[in-house]
Amino acid sequence: MTSSRPSARVLFTLAWRNLWRNHRRTLIMLVAIIIGVWAMILFSSLMSGMVDEMVRGGLRTLPGEVQIHHPDYRDDPSVANSIDAPSGKLLDQLNSPPVTGWTSRVKVPAMISSERDSRGVELLGVDPAGEISLGFDPADIVEGRFLTGPDDKGLVIGRKLAERLETQLGKRVVIMSQDPDNNVADRGIRIVGIYKARLQATEELSVYAGRETLQAMLSIGSQVSEVAITGNDFREVANWWPLIEQAAGPSLETLPWMTLDGYLQSMMEMQTSFNIIIMVVIFLALSFGLVNTLVMAVFERVREIGLMMALGMRPEWIMYQVLLESIILLSLGLVLGNLLAVATILPLEDGIDISAVADGLEMAGMGSILYPSLQVSDMVMSTAVVLLLGLLASLLPAWRASRYNPIQALART
Amino acid sequence: MTAIRCSNLNKTFAQGDQVIRGLDDVSIDIEEGSFVCLSGPSGSGKTTLLNAMGGLDNPDSGEIQVGDKRVDLLSKSDLADMRLHSIGFVFQAYNLIPVLTARENIEFVMQIQGVPAAKRREKAMAMLEEVGLAEHEDRLPAQLSGGQQQRVAVARAIVSDPTLVLADEPTANLDSTSATQLIELFVALNRERAITFVIATHDARVMAYCPRLIRMEDGKIISDELQSGTPGELRSEHG
């Protein structure tokens, strides 16, 4: 006598046909799983879209996914903590994939004064082409023009700042900061453009001037405050920022956005946690139906299980067979649920207008359009949650089926 | 050679406050290739004895040997393996797996045994031919008559060449013609393949075909006799 193992085919055939013995019950459960999976992925994609918007908004403000600074710059963002413009090995790395764009800029605190008011601002000396490669959209210029080059002598301010200063396009304002010797450096500059931003705070705070214009005003030669770098996807930055760090060398501080802005990072982590919690909650509701379906399916064929045991089917194979029924049902639900999610979420990726509630969300860094983001990782996570918890929920009915005494099972009426 | 040896088997069941003796010091030897009927009224212990022989139920005490194996000492998994490889079962009703066709039901045991698909199919078809149901291979049990279902069950019981077939009231739900066809199939298989048959029955039509008839009552063997005569003569003897 040898110990035998049933072919997977017979277990699959039995599991598949048993599932469809009660079409209605199986279909109801299948629809519940499909809707559950769809809801999990839809919710995750909305959350991802929301958080992506916050992160992208944050990265536009930072801006850049990776930044290089003088080691003391983050504590004291003055011109004294400037760095040399990229060259040599670092320049080669910045011009190679996966970097898709980079720019160097002067960034100092400054005072801007119109003839009516004065405000503290963040003065950015930029190369406009580099800023555009990092995400500045020239279409955001609502009046006038953006800077034409690093030597542009004009100034671009935000719409809200123009309101606060009670100034307008073409007017001259005075900007004032400090040079490395702590002397006042100031200059009267004409406003050549007014931009809009998603956040009013950005419109009030960021003021753009030509990088070379600012370097001359501050007497810092070709030095810059920071180098900002971007890649294809902010989620992938962990894979490549160490290359930049290595090329920049230890005398400079190279940091990814997750470190530069802990709030954005915690938003990402919170989103992942929320997604898992919501998925588990949705599945817990589903699992009652699943367990009920399997318990009923097992209960209805106790005699059949007894017969199979009497014919020589080992208890563990009975258990595998019930688990296989659960796996087939869950897999069908997962495939169809994922397809439904893809079919319904992809068309929404152009954006959902949430302007009715956008004012409240602006504080969190969101705009008035929500872009659902269908992430493969969310689909994988929902699949893993459904399969893992589904199998756990199926263990009890499967185990009970395997514990039947064949004689008692055969005697069941 | 002895196919089955039972020594001093005892089995009790609790029924409410009462203790029922299913088997009361039962000892019996059954030779290989024999055709034996266990008869007696309901509750006499014949099904309990049959189940104990097949390793479906454990006695409270006593020894059971099937071939060279001590059935009462085997684990659940080893018992399952023994049933799979050495014993064919035919039950009174609900004998077939409802979601499998006649051929698939016959193939089922071989699938568990891991027999290759081509050989499985060939043997299953040969068995269907032997029990006269070749043209019904693709029918589900619900599409077969009771007698046809029992014949499929017999085909499944013997397809993997067991040394022993245990049948529990196999004709209980059959009409006279189907019952006679079934028992004649048993007899033919016993003669042609030398398979040992032990049949628990209180059907006189079946008892008439049994060369050895063991009668039970209240869990005890009250007679164990060899019969001679034609089935017709024996049938009138058994009423």
# chains A, B, ... in the order shown; residues from 1 in each chain; ligands from 1
$ residues_around --residues "range 373-390 of chain A" --least-positions-apart "4" --cutoff "7 Å" --atoms "only C-alpha atoms" --output "VMD selection string"
chain A and resid 37 40 to 41 44 to 46 48 to 49 279 to 280 283 287 330 334 345 349 394
$ write_last_selection --atoms "N, CA and C atoms" --output "PDB file, in the first residue's frame"
ATOM      1  N   VAL A  37     -13.827  44.250  -3.727  1.00  0.00           N
ATOM      2  CA  VAL A  37     -12.495  44.487  -4.309  1.00  0.00           C
ATOM      3  C   VAL A  37     -12.486  45.828  -5.047  1.00  0.00           C
ATOM      4  N   MET A  40     -12.365  48.585  -2.553  1.00  0.00           N
ATOM      5  CA  MET A  40     -11.021  48.712  -1.966  1.00  0.00           C
ATOM      6  C   MET A  40     -10.101  49.500  -2.903  1.00  0.00           C
ATOM      7  N   ILE A  41     -10.123  49.110  -4.182  1.00  0.00           N
ATOM      8  CA  ILE A  41      -9.194  49.738  -5.128  1.00  0.00           C
ATOM      9  C   ILE A  41      -9.624  51.175  -5.424  1.00  0.00           C
ATOM     10  N   SER A  44      -8.609  53.237  -2.513  1.00  0.00           N
ATOM     11  CA  SER A  44      -7.151  53.408  -2.507  1.00  0.00           C
ATOM     12  C   SER A  44      -6.721  54.399  -3.577  1.00  0.00           C
ATOM     13  N   SER A  45      -7.356  54.314  -4.756  1.00  0.00           N
ATOM     14  CA  SER A  45      -6.928  55.204  -5.839  1.00  0.00           C
ATOM     15  C   SER A  45      -7.327  56.647  -5.529  1.00  0.00           C
ATOM     16  N   LEU A  46      -8.478  56.828  -4.870  1.00  0.00           N
ATOM     17  CA  LEU A  46      -8.856  58.189  -4.475  1.00  0.00           C
ATOM     18  C   LEU A  46      -7.882  58.728  -3.438  1.00  0.00           C
ATOM     19  N   SER A  48      -4.814  57.671  -2.987  1.00  0.00           N
ATOM     20  CA  SER A  48      -3.519  57.869  -3.653  1.00  0.00           C
ATOM     21  C   SER A  48      -3.532  59.167  -4.441  1.00  0.00           C
ATOM     22  N   GLY A  49      -4.663  59.402  -5.148  1.00  0.00           N
ATOM     23  CA  GLY A  49      -4.768  60.613  -5.946  1.00  0.00           C
ATOM     24  C   GLY A  49      -4.684  61.847  -5.062  1.00  0.00           C
ATOM     25  N   MET A 279      -9.207  48.376   3.669  1.00  0.00           N
ATOM     26  CA  MET A 279      -9.309  47.082   2.980  1.00  0.00           C
ATOM     27  C   MET A 279      -9.716  45.979   3.953  1.00  0.00           C
ATOM     28  N   VAL A 280      -9.092  46.002   5.125  1.00  0.00           N
ATOM     29  CA  VAL A 280      -9.412  44.960   6.115  1.00  0.00           C
ATOM     30  C   VAL A 280     -10.864  45.102   6.572  1.00  0.00           C
ATOM     31  N   PHE A 283     -13.100  43.879   3.932  1.00  0.00           N
ATOM     32  CA  PHE A 283     -13.056  42.424   3.814  1.00  0.00           C
ATOM     33  C   PHE A 283     -13.724  41.741   4.997  1.00  0.00           C
ATOM     34  N   SER A 287     -16.196  38.819   4.738  1.00  0.00           N
ATOM     35  CA  SER A 287     -15.815  37.484   5.207  1.00  0.00           C
ATOM     36  C   SER A 287     -16.989  36.746   5.837  1.00  0.00           C
ATOM     37  N   LEU A 330     -12.645  33.429  -4.553  1.00  0.00           N
ATOM     38  CA  LEU A 330     -11.920  34.677  -4.284  1.00  0.00           C
ATOM     39  C   LEU A 330     -11.172  35.145  -5.534  1.00  0.00           C
ATOM     40  N   LEU A 334     -11.571  38.516  -7.445  1.00  0.00           N
ATOM     41  CA  LEU A 334     -10.430  39.431  -7.558  1.00  0.00           C
ATOM     42  C   LEU A 334     -10.209  39.863  -9.004  1.00  0.00           C
ATOM     43  N   ILE A 345     -11.997  53.352 -12.932  1.00  0.00           N
ATOM     44  CA  ILE A 345     -11.096  54.368 -12.368  1.00  0.00           C
ATOM     45  C   ILE A 345     -10.290  55.070 -13.465  1.00  0.00           C
ATOM     46  N   GLU A 349      -9.303  59.289 -14.220  1.00  0.00           N
ATOM     47  CA  GLU A 349      -7.971  59.824 -13.944  1.00  0.00           C
ATOM     48  C   GLU A 349      -7.760  61.214 -14.544  1.00  0.00           C
ATOM     49  N   SER A 394     -11.707  30.917   5.556  1.00  0.00           N
ATOM     50  CA  SER A 394     -12.176  29.625   5.029  1.00  0.00           C
ATOM     51  C   SER A 394     -11.639  28.441   5.826  1.00  0.00           C
TER      52      SER A 394
END
$ closest_atom_pairs --of "chain B" --to "chain A" --cutoff "10 Å" --atoms "only C-alpha atoms" --output "CSV"
residue,atom,partner,partner_atom,distance
B:Thr48,CA,A:Ile407,CA,9.5
B:Asn51,CA,A:Ile407,CA,7.8
B:Gly54,CA,A:Ala310,CA,8.5
B:Gly55,CA,A:Ala310,CA,8.7
B:Leu56,CA,A:Ile407,CA,6.3
B:Asp57,CA,A:Ile407,CA,7.0
B:Lys76,CA,A:Arg314,CA,7.8
B:Ser77,CA,A:Arg314,CA,5.8
B:Asp78,CA,A:Ser3,CA,8.0
B:Leu79,CA,A:Gly312,CA,7.7
B:Ala80,CA,A:Gly312,CA,4.3
B:Asp81,CA,A:Gly312,CA,5.8
B:Met82,CA,A:Met1,CA,6.9
B:Arg83,CA,A:Gly312,CA,5.1
B:Leu84,CA,A:Gly312,CA,4.1
B:His85,CA,A:Met1,CA,6.5
B:Ser86,CA,A:Met1,CA,8.0
B:Ile87,CA,A:Leu311,CA,8.3
B:Gly88,CA,A:Leu311,CA,7.4
B:Phe89,CA,A:Leu311,CA,6.9
B:Val90,CA,A:Leu311,CA,9.6
B:Phe91,CA,A:Leu307,CA,8.9
B:Ala93,CA,A:Leu410,CA,9.3
B:Tyr94,CA,A:Glu304,CA,7.6
B:Asn95,CA,A:Leu307,CA,7.1
B:Leu96,CA,A:Glu304,CA,8.0
B:Ile97,CA,A:Glu304,CA,6.3
B:Pro98,CA,A:Glu304,CA,8.2
B:Val99,CA,A:Arg17,CA,6.1
B:Leu100,CA,A:Leu14,CA,7.7
B:Glu104,CA,A:Val10,CA,9.1
B:Glu107,CA,A:Val10,CA,9.4
B:Phe108,CA,A:Val10,CA,7.4
B:Val109,CA,A:Leu311,CA,7.0
B:Met110,CA,A:Pro6,CA,8.6
B:Gln111,CA,A:Pro6,CA,5.7
B:Ile112,CA,A:Pro6,CA,3.8
B:Gln113,CA,A:Ser4,CA,5.2
B:Gly114,CA,A:Pro6,CA,5.8
B:Val115,CA,A:Ser7,CA,8.8
B:Pro116,CA,A:Ser7,CA,9.3
B:Ala117,CA,A:Ser7,CA,9.7
B:Arg156,CA,A:Leu311,CA,9.5
B:Ala157,CA,A:Leu311,CA,8.5
$ write_last_selection --atoms "C-alpha atoms" --output "PDB file, in the first residue's frame"
ATOM      1  CA  THR B  48     -21.389  -1.882  12.567  1.00  0.00           C
ATOM      2  CA  ASN B  51     -17.863  -0.585   9.068  1.00  0.00           C
ATOM      3  CA  GLY B  54     -13.590  -1.389   6.453  1.00  0.00           C
ATOM      4  CA  GLY B  55     -11.833   0.822   8.978  1.00  0.00           C
ATOM      5  CA  LEU B  56     -14.697   3.299   8.951  1.00  0.00           C
ATOM      6  CA  ASP B  57     -15.405   2.772  12.620  1.00  0.00           C
ATOM      7  CA  LYS B  76      -6.854   7.849  10.175  1.00  0.00           C
ATOM      8  CA  SER B  77      -4.612   8.535   7.192  1.00  0.00           C
ATOM      9  CA  ASP B  78      -3.421   4.923   6.996  1.00  0.00           C
ATOM     10  CA  LEU B  79      -7.029   3.759   7.196  1.00  0.00           C
ATOM     11  CA  ALA B  80      -7.881   6.099   4.324  1.00  0.00           C
ATOM     12  CA  ASP B  81      -4.992   4.641   2.312  1.00  0.00           C
ATOM     13  CA  MET B  82      -6.111   1.102   3.087  1.00  0.00           C
ATOM     14  CA  ARG B  83      -9.653   1.842   1.960  1.00  0.00           C
ATOM     15  CA  LEU B  84      -8.326   3.524  -1.146  1.00  0.00           C
ATOM     16  CA  HIS B  85      -6.093   0.678  -2.250  1.00  0.00           C
ATOM     17  CA  SER B  86      -7.547  -2.523  -0.816  1.00  0.00           C
ATOM     18  CA  ILE B  87     -11.282  -2.153  -0.221  1.00  0.00           C
ATOM     19  CA  GLY B  88     -14.222  -1.325  -2.436  1.00  0.00           C
ATOM     20  CA  PHE B  89     -17.387   0.044  -0.847  1.00  0.00           C
ATOM     21  CA  VAL B  90     -20.976  -0.085  -2.033  1.00  0.00           C
ATOM     22  CA  PHE B  91     -23.475   1.693   0.169  1.00  0.00           C
ATOM     23  CA  ALA B  93     -27.823   5.011  -1.097  1.00  0.00           C
ATOM     24  CA  TYR B  94     -26.084   8.234  -1.941  1.00  0.00           C
ATOM     25  CA  ASN B  95     -23.311   6.174  -3.424  1.00  0.00           C
ATOM     26  CA  LEU B  96     -22.094   8.536  -6.110  1.00  0.00           C
ATOM     27  CA  ILE B  97     -20.663  12.046  -6.100  1.00  0.00           C
ATOM     28  CA  PRO B  98     -23.476  14.081  -7.646  1.00  0.00           C
ATOM     29  CA  VAL B  99     -21.306  16.597  -9.521  1.00  0.00           C
ATOM     30  CA  LEU B 100     -19.311  13.906 -11.346  1.00  0.00           C
ATOM     31  CA  GLU B 104     -15.793  10.465 -13.561  1.00  0.00           C
ATOM     32  CA  GLU B 107     -12.287   7.453 -12.262  1.00  0.00           C
ATOM     33  CA  PHE B 108     -12.477   9.261  -8.918  1.00  0.00           C
ATOM     34  CA  VAL B 109     -10.786   6.539  -6.865  1.00  0.00           C
ATOM     35  CA  MET B 110      -8.086   6.135  -9.506  1.00  0.00           C
ATOM     36  CA  GLN B 111      -7.544   9.890  -9.557  1.00  0.00           C
ATOM     37  CA  ILE B 112      -6.940   9.839  -5.834  1.00  0.00           C
ATOM     38  CA  GLN B 113      -4.567   6.947  -6.372  1.00  0.00           C
ATOM     39  CA  GLY B 114      -2.682   8.984  -8.955  1.00  0.00           C
ATOM     40  CA  VAL B 115      -3.332   6.674 -11.919  1.00  0.00           C
ATOM     41  CA  PRO B 116      -2.395   8.390 -15.230  1.00  0.00           C
ATOM     42  CA  ALA B 117      -5.316   9.913 -17.136  1.00  0.00           C
ATOM     43  CA  ARG B 156     -16.112   2.183  -8.910  1.00  0.00           C
ATOM     44  CA  ALA B 157     -15.681  -0.291  -6.045  1.00  0.00           C
TER      45      ALA B 157
END
$ residues_around --residues "Gln181 in chain B" --least-positions-apart "2" --cutoff "12 Å" --atoms "only C-alpha atoms" --output "ChimeraX atom specification"
/B:131-132,147-148,150-151,154,170-171,174-179,183-188,205-206,209
$ residues_around --residues "Lys11 in chain B" --least-positions-apart "5" --cutoff "10 Å" --atoms "only C-alpha atoms" --output "list of chain:residue names"
B:Ile20, B:Arg21, B:Gly22, B:Leu23, B:Asp24, B:Asp25, B:Val26, B:Gly45, B:Thr48, B:Leu49, B:Ala52, B:Asp57, B:Asn58, B:Pro59, B:Asp60, B:Ser61, B:Gly62, B:Gly219
$ write_last_selection --atoms "C-alpha atoms" --output "PDB file, in the first residue's frame"
ATOM      1  CA  ILE B  20     -26.640  -0.076  23.041  1.00  0.00           C
ATOM      2  CA  ARG B  21     -24.312  -2.974  22.307  1.00  0.00           C
ATOM      3  CA  GLY B  22     -23.492  -2.686  18.604  1.00  0.00           C
ATOM      4  CA  LEU B  23     -21.052  -5.583  18.703  1.00  0.00           C
ATOM      5  CA  ASP B  24     -20.940  -8.083  21.518  1.00  0.00           C
ATOM      6  CA  ASP B  25     -17.800 -10.224  21.536  1.00  0.00           C
ATOM      7  CA  VAL B  26     -17.912 -10.907  17.797  1.00  0.00           C
ATOM      8  CA  GLY B  45     -24.927  -5.010  14.324  1.00  0.00           C
ATOM      9  CA  THR B  48     -21.389  -1.882  12.567  1.00  0.00           C
ATOM     10  CA  LEU B  49     -19.383  -5.017  11.846  1.00  0.00           C
ATOM     11  CA  ALA B  52     -15.331  -1.972  11.526  1.00  0.00           C
ATOM     12  CA  ASP B  57     -15.405   2.772  12.620  1.00  0.00           C
ATOM     13  CA  ASN B  58     -13.245   1.614  15.506  1.00  0.00           C
ATOM     14  CA  PRO B  59     -14.388  -1.099  17.902  1.00  0.00           C
ATOM     15  CA  ASP B  60     -14.088  -0.414  21.634  1.00  0.00           C
ATOM     16  CA  SER B  61     -12.061  -3.582  21.995  1.00  0.00           C
ATOM     17  CA  GLY B  62     -10.963  -6.557  19.980  1.00  0.00           C
ATOM     18  CA  GLY B 219     -24.669  -7.348  18.222  1.00  0.00           C
TER      19      GLY B 219
END
$ closest_residue --among "A:Leu94, A:Leu30, A:Ala129, A:Ala162" --to "Gln67 in chain A" --atoms "only C-alpha atoms"
A:Leu94
$ atom_distance --atom1 "CA of Val51 in chain A" --atom2 "CA of Met270 in chain A"
9.4 Å
$ select_by_dssp --residues "range 252-413 of chain A" --states "strand (DSSP E)" --output "list of chain:residue names"
A:Glu253, A:Thr254, A:Leu255, A:Pro256, A:Ile352, A:Asp353, A:Ile369, A:Leu370
$ select_by_dssp --residues "range 123-207 of chain B" --states "helix (DSSP H, G or I)" --output "VMD selection string"
chain B and resid 123 to 130 134 to 136 141 to 143 146 to 158 176 to 193 204 to 207
$ residues_around --residues "Pro128 in chain A" --least-positions-apart "2" --cutoff "10 Å" --atoms "only C-alpha atoms" --output "VMD selection string"
chain A and resid 103 105 125 to 126 130 to 134 136 138 146 to 152 208 to 211
$ write_last_selection --atoms "N, CA and C atoms" --output "tab-separated table (two decimals), in the first residue's frame"
chain	number	residue	atom	x	y	z
A	103	THR	N	17.82	72.16	-11.77
A	103	THR	CA	18.14	73.58	-11.88
A	103	THR	C	18.86	74.01	-10.61
A	105	ARG	N	19.45	77.36	-8.09
A	105	ARG	CA	18.77	78.63	-7.82
A	105	ARG	C	19.36	79.30	-6.58
A	125	GLY	N	16.14	83.29	-7.22
A	125	GLY	CA	16.86	83.64	-8.43
A	125	GLY	C	16.99	82.40	-9.29
A	126	VAL	N	16.28	82.39	-10.41
A	126	VAL	CA	16.13	81.13	-11.15
A	126	VAL	C	16.56	81.24	-12.61
A	130	GLY	N	15.09	75.90	-16.35
A	130	GLY	CA	15.23	74.86	-15.31
A	130	GLY	C	13.98	74.76	-14.46
A	131	GLU	N	13.37	75.89	-14.13
A	131	GLU	CA	12.15	75.85	-13.31
A	131	GLU	C	11.02	75.14	-14.05
A	132	ILE	N	10.97	75.40	-15.36
A	132	ILE	CA	9.92	74.74	-16.15
A	132	ILE	C	10.16	73.23	-16.16
A	133	SER	N	11.45	72.83	-16.25
A	133	SER	CA	11.73	71.39	-16.24
A	133	SER	C	11.37	70.77	-14.89
A	134	LEU	N	11.30	71.57	-13.85
A	134	LEU	CA	10.95	71.05	-12.52
A	134	LEU	C	9.46	71.18	-12.21
A	136	PHE	N	7.35	74.13	-13.05
A	136	PHE	CA	6.65	75.42	-13.15
A	136	PHE	C	5.94	75.47	-14.50
A	138	PRO	N	4.31	77.57	-17.36
A	138	PRO	CA	4.19	78.94	-17.87
A	138	PRO	C	2.73	79.37	-18.03
A	146	PHE	N	6.66	85.08	-18.17
A	146	PHE	CA	7.60	84.52	-17.22
A	146	PHE	C	8.98	85.07	-17.58
A	147	LEU	N	9.97	84.78	-16.78
A	147	LEU	CA	11.32	85.25	-17.05
A	147	LEU	C	11.83	84.62	-18.34
A	148	THR	N	12.67	85.35	-19.06
A	148	THR	CA	13.14	84.82	-20.34
A	148	THR	C	14.49	84.14	-20.21
A	149	GLY	N	15.23	84.40	-19.15
A	149	GLY	CA	16.53	83.76	-18.97
A	149	GLY	C	17.08	84.11	-17.60
A	150	PRO	N	18.23	83.50	-17.24
A	150	PRO	CA	18.79	83.77	-15.91
A	150	PRO	C	19.25	85.22	-15.73
A	151	ASP	N	19.40	85.92	-16.86
A	151	ASP	CA	19.86	87.30	-16.76
A	151	ASP	C	18.71	88.30	-16.91
A	152	ASP	N	17.47	87.76	-16.89
A	152	ASP	CA	16.29	88.64	-17.02
A	152	ASP	C	16.29	89.65	-15.87
A	208	TYR	N	9.94	85.45	-8.12
A	208	TYR	CA	10.97	84.97	-9.04
A	208	TYR	C	11.73	86.12	-9.70
A	209	ALA	N	13.06	85.97	-9.68
A	209	ALA	CA	13.92	86.91	-10.42
A	209	ALA	C	14.93	86.09	-11.20
A	210	GLY	N	15.65	86.72	-12.14
A	210	GLY	CA	16.69	85.99	-12.87
A	210	GLY	C	17.82	85.63	-11.91
A	211	ARG	N	18.36	84.41	-12.07
A	211	ARG	CA	19.38	83.95	-11.14
A	211	ARG	C	20.61	84.87	-11.19
$ atom_distance --atom1 "CA of Gly64 in chain A" --atom2 "CA of Asp76 in chain A"
19.7 Å
$ atom_distance --atom1 "CA of Ile199 in chain B" --atom2 "CA of Val152 in chain B"
17.1 Å
$ residues_around --residues "Tyr73 in chain A" --least-positions-apart "4" --cutoff "8 Å" --atoms "only C-alpha atoms" --output "short mmCIF file (atom, residue, chain, number, x, y, z; two decimals) with C-alpha atoms, in the first residue's frame"
data_model
loop_
_atom_site.label_atom_id
_atom_site.label_comp_id
_atom_site.auth_asym_id
_atom_site.auth_seq_id
_atom_site.Cartn_x
_atom_site.Cartn_y
_atom_site.Cartn_z
CA HIS A 69 22.51 72.44 -0.11
CA PRO A 77 19.03 79.95 4.65
CA SER A 78 21.21 83.00 4.09
CA ASN A 81 25.50 79.28 3.16
CA SER A 82 25.68 79.23 -0.60
CA SER A 225 21.62 78.38 -2.59
#
$ residues_around --residues "Ile30 in chain B" --least-positions-apart "2" --cutoff "8 Å" --atoms "only C-alpha atoms" --output "VMD selection string"
chain B and resid 2 to 5 28 32 34 36
$ decode --residues "range 257-276 of chain A" --atoms "N, CA and C atoms" --output "mmCIF file, in the first residue's frame"
data_model
loop_
_atom_site.group_PDB
_atom_site.id
_atom_site.type_symbol
_atom_site.label_atom_id
_atom_site.label_comp_id
_atom_site.auth_asym_id
_atom_site.auth_seq_id
_atom_site.Cartn_x
_atom_site.Cartn_y
_atom_site.Cartn_z
ATOM 1 N N TRP A 257 13.015 64.350 -1.011
ATOM 2 C CA TRP A 257 11.870 65.110 -0.511
ATOM 3 C C TRP A 257 11.281 64.534 0.775
ATOM 4 N N MET A 258 11.427 63.201 0.947
ATOM 5 C CA MET A 258 10.846 62.583 2.144
ATOM 6 C C MET A 258 11.495 63.146 3.412
ATOM 7 N N THR A 259 12.788 63.478 3.303
ATOM 8 C CA THR A 259 13.482 64.028 4.464
ATOM 9 C C THR A 259 13.288 65.542 4.529
ATOM 10 N N LEU A 260 13.272 66.161 3.352
ATOM 11 C CA LEU A 260 13.126 67.618 3.323
ATOM 12 C C LEU A 260 11.777 68.052 3.863
ATOM 13 N N ASP A 261 10.750 67.226 3.609
ATOM 14 C CA ASP A 261 9.414 67.575 4.071
ATOM 15 C C ASP A 261 8.786 66.362 4.746
ATOM 16 N N GLY A 262 8.982 66.270 6.047
ATOM 17 C CA GLY A 262 8.489 65.127 6.815
ATOM 18 C C GLY A 262 6.978 65.007 6.754
ATOM 19 N N TYR A 263 6.286 66.145 6.574
ATOM 20 C CA TYR A 263 4.835 66.129 6.518
ATOM 21 C C TYR A 263 4.357 65.323 5.309
ATOM 22 N N LEU A 264 5.032 65.571 4.162
ATOM 23 C CA LEU A 264 4.642 64.844 2.954
ATOM 24 C C LEU A 264 4.882 63.347 3.132
ATOM 25 N N GLN A 265 6.017 63.031 3.732
ATOM 26 C CA GLN A 265 6.340 61.619 3.962
ATOM 27 C C GLN A 265 5.306 60.980 4.878
ATOM 28 N N SER A 266 4.934 61.703 5.952
ATOM 29 C CA SER A 266 3.964 61.111 6.878
ATOM 30 C C SER A 266 2.598 60.974 6.206
ATOM 31 N N MET A 267 2.292 61.872 5.258
ATOM 32 C CA MET A 267 1.041 61.730 4.512
ATOM 33 C C MET A 267 1.030 60.424 3.718
ATOM 34 N N MET A 268 2.169 60.139 3.102
ATOM 35 C CA MET A 268 2.276 58.906 2.320
ATOM 36 C C MET A 268 2.095 57.682 3.216
ATOM 37 N N GLU A 269 2.755 57.728 4.370
ATOM 38 C CA GLU A 269 2.668 56.576 5.281
ATOM 39 C C GLU A 269 1.254 56.424 5.824
ATOM 40 N N MET A 270 0.643 57.576 6.111
ATOM 41 C CA MET A 270 -0.711 57.527 6.648
ATOM 42 C C MET A 270 -1.666 56.943 5.598
ATOM 43 N N GLN A 271 -1.425 57.317 4.338
ATOM 44 C CA GLN A 271 -2.285 56.810 3.268
ATOM 45 C C GLN A 271 -2.200 55.291 3.196
ATOM 46 N N THR A 272 -0.970 54.757 3.259
ATOM 47 C CA THR A 272 -0.797 53.306 3.198
ATOM 48 C C THR A 272 -1.530 52.637 4.363
ATOM 49 N N SER A 273 -1.372 53.228 5.560
ATOM 50 C CA SER A 273 -2.043 52.641 6.733
ATOM 51 C C SER A 273 -3.557 52.688 6.563
ATOM 52 N N PHE A 274 -4.067 53.844 6.107
ATOM 53 C CA PHE A 274 -5.509 53.985 5.897
ATOM 54 C C PHE A 274 -6.014 52.940 4.905
ATOM 55 N N ASN A 275 -5.253 52.801 3.820
ATOM 56 C CA ASN A 275 -5.667 51.850 2.783
ATOM 57 C C ASN A 275 -5.799 50.450 3.363
ATOM 58 N N ILE A 276 -4.800 50.046 4.145
ATOM 59 C CA ILE A 276 -4.832 48.693 4.708
ATOM 60 C C ILE A 276 -6.034 48.555 5.648
#
